[in-house]
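Below is the file work.tsv, which contains TSV, C-alpha atoms.
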chain	number	residue	atom	x	y	z
A	1	MET	CA	10.01	1.20	-85.75
A	2	TRP	CA	11.91	-1.28	-83.65
A	3	THR	CA	13.64	-4.24	-85.06
A	4	LEU	CA	12.87	-7.72	-83.80
A	5	ASP	CA	16.17	-7.78	-81.87
A	6	GLN	CA	15.30	-4.45	-80.13
A	7	GLN	CA	11.82	-5.72	-79.22
A	8	ILE	CA	13.29	-8.88	-77.68
A	9	GLN	CA	15.77	-6.81	-75.65
A	10	ALA	CA	12.95	-4.48	-74.44
A	11	TRP	CA	10.82	-7.44	-73.36
A	12	ASN	CA	13.84	-8.98	-71.60
A	13	ALA	CA	14.31	-5.72	-69.66
A	14	VAL	CA	10.62	-5.64	-68.72
A	15	GLY	CA	10.81	-9.28	-67.61
A	16	THR	CA	13.85	-8.55	-65.46
A	17	TRP	CA	12.05	-5.62	-63.77
A	18	VAL	CA	8.93	-7.71	-63.14
A	19	ALA	CA	10.99	-10.60	-61.73
A	20	GLY	CA	12.90	-8.19	-59.48
A	21	PHE	CA	9.66	-6.64	-58.21
A	22	GLY	CA	8.22	-10.12	-57.55
A	23	THR	CA	11.34	-11.16	-55.62
A	24	LEU	CA	11.25	-7.98	-53.52
A	25	THR	CA	7.54	-8.51	-52.76
A	26	ALA	CA	8.17	-12.14	-51.75
A	27	VAL	CA	10.96	-11.10	-49.37
A	28	ILE	CA	8.80	-8.39	-47.75
A	29	VAL	CA	5.88	-10.80	-47.29
A	30	ALA	CA	8.17	-13.50	-45.83
A	31	LEU	CA	9.69	-11.04	-43.35
A	32	TYR	CA	6.24	-9.77	-42.37
A	33	LEU	CA	4.93	-13.29	-41.77
A	34	ALA	CA	8.03	-14.32	-39.80
A	35	ARG	CA	7.81	-11.24	-37.60
A	36	ARG	CA	4.04	-11.64	-37.17
A	37	SER	CA	4.39	-15.25	-36.00
A	38	GLU	CA	6.81	-14.15	-33.25
A	39	ARG	CA	4.51	-11.49	-31.80
A	40	VAL	CA	2.53	-12.10	-28.65
A	41	ARG	CA	-1.13	-12.30	-29.67
A	42	ALA	CA	-3.75	-13.09	-27.08
A	43	ASN	CA	-7.42	-12.53	-26.39
A	44	CYS	CA	-7.98	-11.54	-22.75
A	45	ASN	CA	-11.15	-10.91	-20.76
A	46	VAL	CA	-11.67	-9.95	-17.13
A	47	GLY	CA	-15.04	-10.18	-15.44
A	48	ILE	CA	-17.16	-11.68	-12.70
A	49	MET	CA	-17.92	-15.33	-13.51
A	50	VAL	CA	-20.00	-18.05	-11.93
A	51	THR	CA	-19.08	-21.73	-11.98
A	52	TYR	CA	-21.55	-24.56	-11.53
A	53	ALA	CA	-20.13	-27.95	-10.63
A	54	GLY	CA	-23.32	-29.74	-11.59
A	55	ASP	CA	-23.05	-32.08	-8.61
A	56	GLY	CA	-25.47	-30.28	-6.31
A	57	THR	CA	-22.91	-27.97	-4.76
A	58	PRO	CA	-23.81	-24.29	-4.84
A	59	ALA	CA	-22.58	-22.00	-7.60
A	60	GLU	CA	-19.33	-20.19	-6.89
A	61	GLU	CA	-18.63	-16.59	-7.90
A	62	HIS	CA	-15.17	-15.58	-9.11
A	63	LEU	CA	-13.20	-12.73	-10.53
A	64	GLY	CA	-11.94	-14.38	-13.71
A	65	PHE	CA	-9.10	-13.56	-16.08
A	66	THR	CA	-9.33	-15.66	-19.26
A	67	VAL	CA	-6.40	-15.68	-21.67
A	68	THR	CA	-6.40	-17.37	-25.09
A	69	ASN	CA	-3.18	-17.64	-27.10
A	70	LEU	CA	-3.86	-16.47	-30.67
A	71	GLY	CA	-0.20	-16.46	-31.70
A	72	MET	CA	1.68	-19.30	-33.35
A	73	GLN	CA	4.36	-19.43	-30.63
A	74	PRO	CA	3.73	-20.77	-27.10
A	75	LEU	CA	2.78	-18.02	-24.65
A	76	THR	CA	3.89	-18.12	-21.01
A	77	ILE	CA	1.82	-16.15	-18.50
A	78	ASN	CA	4.01	-15.18	-15.54
A	79	SER	CA	1.39	-13.25	-13.57
A	80	ILE	CA	-1.72	-11.12	-13.77
A	81	GLY	CA	-2.32	-7.84	-12.04
A	82	TRP	CA	-3.76	-4.36	-12.13
A	83	ARG	CA	-2.86	-0.80	-13.06
A	84	ILE	CA	-4.74	2.35	-12.12
A	85	GLY	CA	-3.90	5.93	-13.01
A	86	LYS	CA	-1.83	7.27	-15.87
A	87	GLY	CA	1.73	8.40	-16.35
A	88	LYS	CA	3.80	8.95	-13.24
A	89	SER	CA	0.76	8.67	-10.97
A	90	ALA	CA	0.00	5.10	-12.12
A	91	ARG	CA	0.01	2.39	-9.46
A	92	TYR	CA	0.41	-1.34	-10.01
A	93	CYS	CA	-0.31	-4.56	-8.13
A	94	ILE	CA	-0.02	-8.30	-8.75
A	95	GLN	CA	-3.22	-10.32	-8.30
A	96	PRO	CA	-2.89	-13.61	-6.40
A	97	VAL	CA	-5.23	-16.30	-7.70
A	98	ARG	CA	-7.07	-18.65	-5.40
A	99	GLY	CA	-9.72	-21.23	-5.94
A	100	GLN	CA	-10.35	-24.81	-6.85
A	101	ASN	CA	-10.48	-24.42	-10.65
A	102	THR	CA	-7.86	-21.74	-11.28
A	103	ALA	CA	-4.76	-22.00	-13.43
A	104	ASN	CA	-1.53	-21.17	-11.61
A	105	TYR	CA	1.58	-19.20	-12.62
A	106	PRO	CA	3.53	-19.69	-14.75
A	107	LYS	CA	1.15	-21.09	-17.33
A	108	VAL	CA	2.30	-22.06	-20.84
A	109	LEU	CA	-0.36	-21.86	-23.54
A	110	ALA	CA	0.09	-23.40	-26.98
A	111	HIS	CA	-1.64	-21.87	-30.00
A	112	GLY	CA	-5.40	-21.84	-29.39
A	113	GLU	CA	-5.19	-22.89	-25.74
A	114	GLN	CA	-7.02	-20.97	-23.01
A	115	ALA	CA	-6.44	-20.57	-19.27
A	116	ALA	CA	-8.68	-19.12	-16.59
A	117	PHE	CA	-7.06	-17.41	-13.61
A	118	LEU	CA	-9.67	-17.15	-10.86
A	119	VAL	CA	-10.08	-15.32	-7.58
A	120	SER	CA	-12.76	-17.28	-5.73
A	121	PHE	CA	-15.08	-15.11	-3.65
A	122	THR	CA	-15.69	-18.20	-1.50
A	123	THR	CA	-11.97	-18.41	-0.69
A	124	MET	CA	-11.45	-14.61	-0.62
A	125	PRO	CA	-14.88	-13.18	0.35
A	126	ASN	CA	-13.50	-9.70	1.17
A	127	TRP	CA	-11.65	-9.26	-2.12
A	128	PRO	CA	-14.05	-6.65	-3.61
A	129	LYS	CA	-13.98	-4.43	-0.50
A	130	ASP	CA	-10.27	-4.88	0.14
A	131	PHE	CA	-9.36	-4.20	-3.50
A	132	ALA	CA	-11.64	-1.16	-3.73
A	133	THR	CA	-10.41	0.46	-0.52
A	134	GLY	CA	-6.82	-0.80	-0.48
A	135	PHE	CA	-5.72	-0.46	-4.11
A	136	ILE	CA	-8.23	1.66	-6.01
A	137	GLU	CA	-9.06	4.02	-3.10
A	138	ASP	CA	-10.93	6.54	-5.31
A	139	LEU	CA	-14.03	5.05	-6.98
A	140	SER	CA	-14.81	8.16	-9.03
A	141	GLU	CA	-15.70	7.57	-12.69
A	142	GLU	CA	-12.60	9.48	-13.79
A	143	ASN	CA	-10.32	7.21	-11.76
A	144	LEU	CA	-12.15	3.97	-12.65
A	145	ARG	CA	-11.77	4.77	-16.37
A	146	THR	CA	-8.01	4.24	-15.91
A	147	LEU	CA	-8.36	0.81	-14.23
A	148	ARG	CA	-6.78	-1.94	-16.34
A	149	ALA	CA	-6.18	-5.59	-15.70
A	150	GLN	CA	-2.76	-6.69	-16.88
A	151	VAL	CA	-1.45	-9.99	-18.17
A	152	HIS	CA	2.35	-10.29	-17.82
A	153	THR	CA	4.19	-12.62	-20.21
A	154	SER	CA	7.64	-14.20	-20.06
A	155	VAL	CA	8.90	-12.11	-23.00
A	156	GLY	CA	8.26	-8.82	-21.20
A	157	LYS	CA	5.03	-8.01	-23.02
A	158	THR	CA	2.20	-6.74	-20.81
A	159	ILE	CA	-1.33	-6.95	-22.19
A	160	ASP	CA	-3.73	-4.33	-20.82
A	161	VAL	CA	-7.39	-5.35	-20.52
A	162	VAL	CA	-10.39	-3.16	-19.73
A	163	PRO	CA	-12.32	-4.99	-16.99
A	164	ALA	CA	-15.96	-5.85	-17.65
A	165	HIS	CA	-18.65	-3.55	-16.29
A	166	ASN	CA	-19.67	-6.18	-13.72
A	167	VAL	CA	-16.24	-5.88	-12.03
A	168	LEU	CA	-16.75	-2.15	-11.47
A	169	GLU	CA	-20.27	-2.77	-10.19
A	170	ILE	CA	-19.17	-5.33	-7.60
A	171	LEU	CA	-16.48	-2.91	-6.36
A	172	ARG	CA	-19.00	-0.05	-6.02
A	173	LYS	CA	-21.47	-2.37	-4.28
A	174	ALA	CA	-18.84	-3.57	-1.78
A	175	VAL	CA	-17.94	0.02	-0.84
A	176	ALA	CA	-21.60	1.08	-0.63
A	177	GLU	CA	-22.33	-1.76	1.82
A	178	MET	CA	-19.52	-0.81	4.22
A	179	PRO	CA	-20.62	0.58	7.60
A	180	ARG	CA	-20.52	4.38	7.80
A	181	ASN	CA	-20.09	6.88	10.62
A	182	SER	CA	-22.70	9.56	11.18
A	183	ASP	CA	-20.59	11.99	9.14
A	184	GLY	CA	-20.58	9.56	6.15
A	185	THR	CA	-16.97	8.38	6.52
A	186	ASP	CA	-16.15	4.70	6.35
A	187	LYS	CA	-15.83	3.06	9.77
A	188	SER	CA	-13.44	0.37	8.51
A	189	LEU	CA	-10.87	2.98	7.41
A	190	GLN	CA	-10.50	4.50	10.89
A	191	LYS	CA	-7.44	3.54	12.90

I'd like the structure from this file rewritten - as structure tokens, please.
Amino acid sequence: MWTLDQQIQAWNAVGTWVAGFGTLTAVIVALYLARRSERVRANCNVGIMVTYAGDGTPAEEHLGFTVTNLGMQPLTINSIGWRIGKGKSARYCIQPVRGQNTANYPKVLAHGEQAAFLVSFTTMPNWPKDFATGFIEDLSEENLRTLRAQVHTSVGKTIDVVPAHNVLEILRKAVAEMPRNSDGTDKSLQK
């Protein structure tokens, strides 16, 4: 049987251990939250979009990149672009944006803010054909599965985004509508 003095000392030791564990847990949580708030966190979507002005002008079709800053720190978008292929065979390009309602580079987004980077098909009507034949080149399913839109930030973080299905469809449609020779080859690719 323990004496009262021994019981007090045992409870003091237990209290010290519990306090130490609580302090360690608080430090770990504080470091996690500090590190988490510094990370680049964004929601990105890439797809074919239509804008309506509502003033009687016709609707305008765009390739649209929307980026929403989910992080606590401001996020600066330096550029957007594309990657196709994997590993050493990957190819990259930067996407110029054009149109009346597009955001321009660089774009700083505070927490919760959103920007839309647009490629207007009114301003750049040949974009689907030119992109499909000039950059992608091979529209096979295997190759298209590697196509990623990319959002480049000022801190060196690149966010990869799988383009919406409607982007792939407009690329296939543009290539299918190109004039063909009698042997099935594309007339526009001949020198």

- Message: Ranking A:Thr23, A:Asn101, A:Arg172, A:Ala13 by minimum distance to Thr133 in chain A and counting only C-alpha atoms, which one comes first?
- Response: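 Of A:Thr23, A:Asn101, A:Arg172, A:Ala13, the one nearest Thr133 in chain A, counting only C-alpha atoms, is A:Arg172.
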
- Counting all atoms listed in the file, write as a list in words all protein and nucleic acid residues lying at most 10 Å from (4.9, -19.8, -31.3) in the file's frame.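 The answer, in the requested form, is Ser37, Glu38, Arg39, Val40, Arg41, Asn69, Leu70, Gly71, Met72, Gln73, Pro74, Leu75, Leu109, Ala110 and His111 of chain A.
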
Per residue of range 79-146 of chain A within 12 Å of range 53-59 of chain A, record the nearest atom pair and its distance in Å to one decimal, counting all atoms listed in the file, with rows in chain order and ascending residue number, as JSON lines.
{"residue": "A:Gln100", "atom": "CA", "partner": "A:Ala53", "partner_atom": "CA", "distance": 10.9}
{"residue": "A:Asn101", "atom": "CA", "partner": "A:Ala53", "partner_atom": "CA", "distance": 10.3}
{"residue": "A:Ser120", "atom": "CA", "partner": "A:Ala59", "partner_atom": "CA", "distance": 11.1}
{"residue": "A:Phe121", "atom": "CA", "partner": "A:Ala59", "partner_atom": "CA", "distance": 10.9}
{"residue": "A:Thr122", "atom": "CA", "partner": "A:Ala59", "partner_atom": "CA", "distance": 10.0}

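If you look at CA of Gly99 in chain A and CA of Phe117 in chain A, they are 9.0 Å away from each other.
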
- Item | Between CA of Asn126 in chain A and CA of Val151 in chain A - distance in Å to one decimal | 22.8 Å

- CA of Ala132 in chain A and CA of Val175 in chain A are how many Å apart?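 Going from CA of Ala132 in chain A over to CA of Val175 in chain A covers 7.0 Å.
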
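Distance check against Tyr92 in chain A using all atoms listed in the file: of A:Glu141, A:Asp160, A:Glu60, A:Asp130, the minimum falls on A:Asp160.
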
- Query: Taking only C-alpha atoms into account, which of A:Met124, A:Met1, A:Val167, A:Ile80 comes nearest Cys93 in chain A?
  - Reply: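 Closest candidate: A:Ile80.
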
- Message: Ranking A:Pro96, A:Pro106, A:Pro163, A:Gly85 by minimum distance to Asn143 in chain A and counting only C-alpha atoms, which one comes first?
- Response: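 So, comparing all the options, the nearest one is A:Gly85.
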
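The smallest atom-to-atom distance between Gly112 in chain A and any of A:Leu139, A:Met49, A:Ala176, A:Ala42, using all atoms listed in the file, is found for A:Ala42.
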
- Item | Polymer residues at most 12 Å from Lys86 in chain A, all atoms listed in the file, same-chain spacing of 5 or more positions, as a PyMOL selection string | chain A and resi 91-92+142-148

- Could you name the residues that touch Thr153 in chain A at 8 Å or less, counting all atoms listed in the file, but leaving out those on the same chain fewer than 4 positions away, as an MDAnalysis selection string? chainID A and resid 75:79 157:158

- Item | Nearest candidate to Arg83 in chain A (options A:Ile159, A:Tyr32, A:Phe21, A:Pro128; using all atoms listed in the file) | A:Ile159
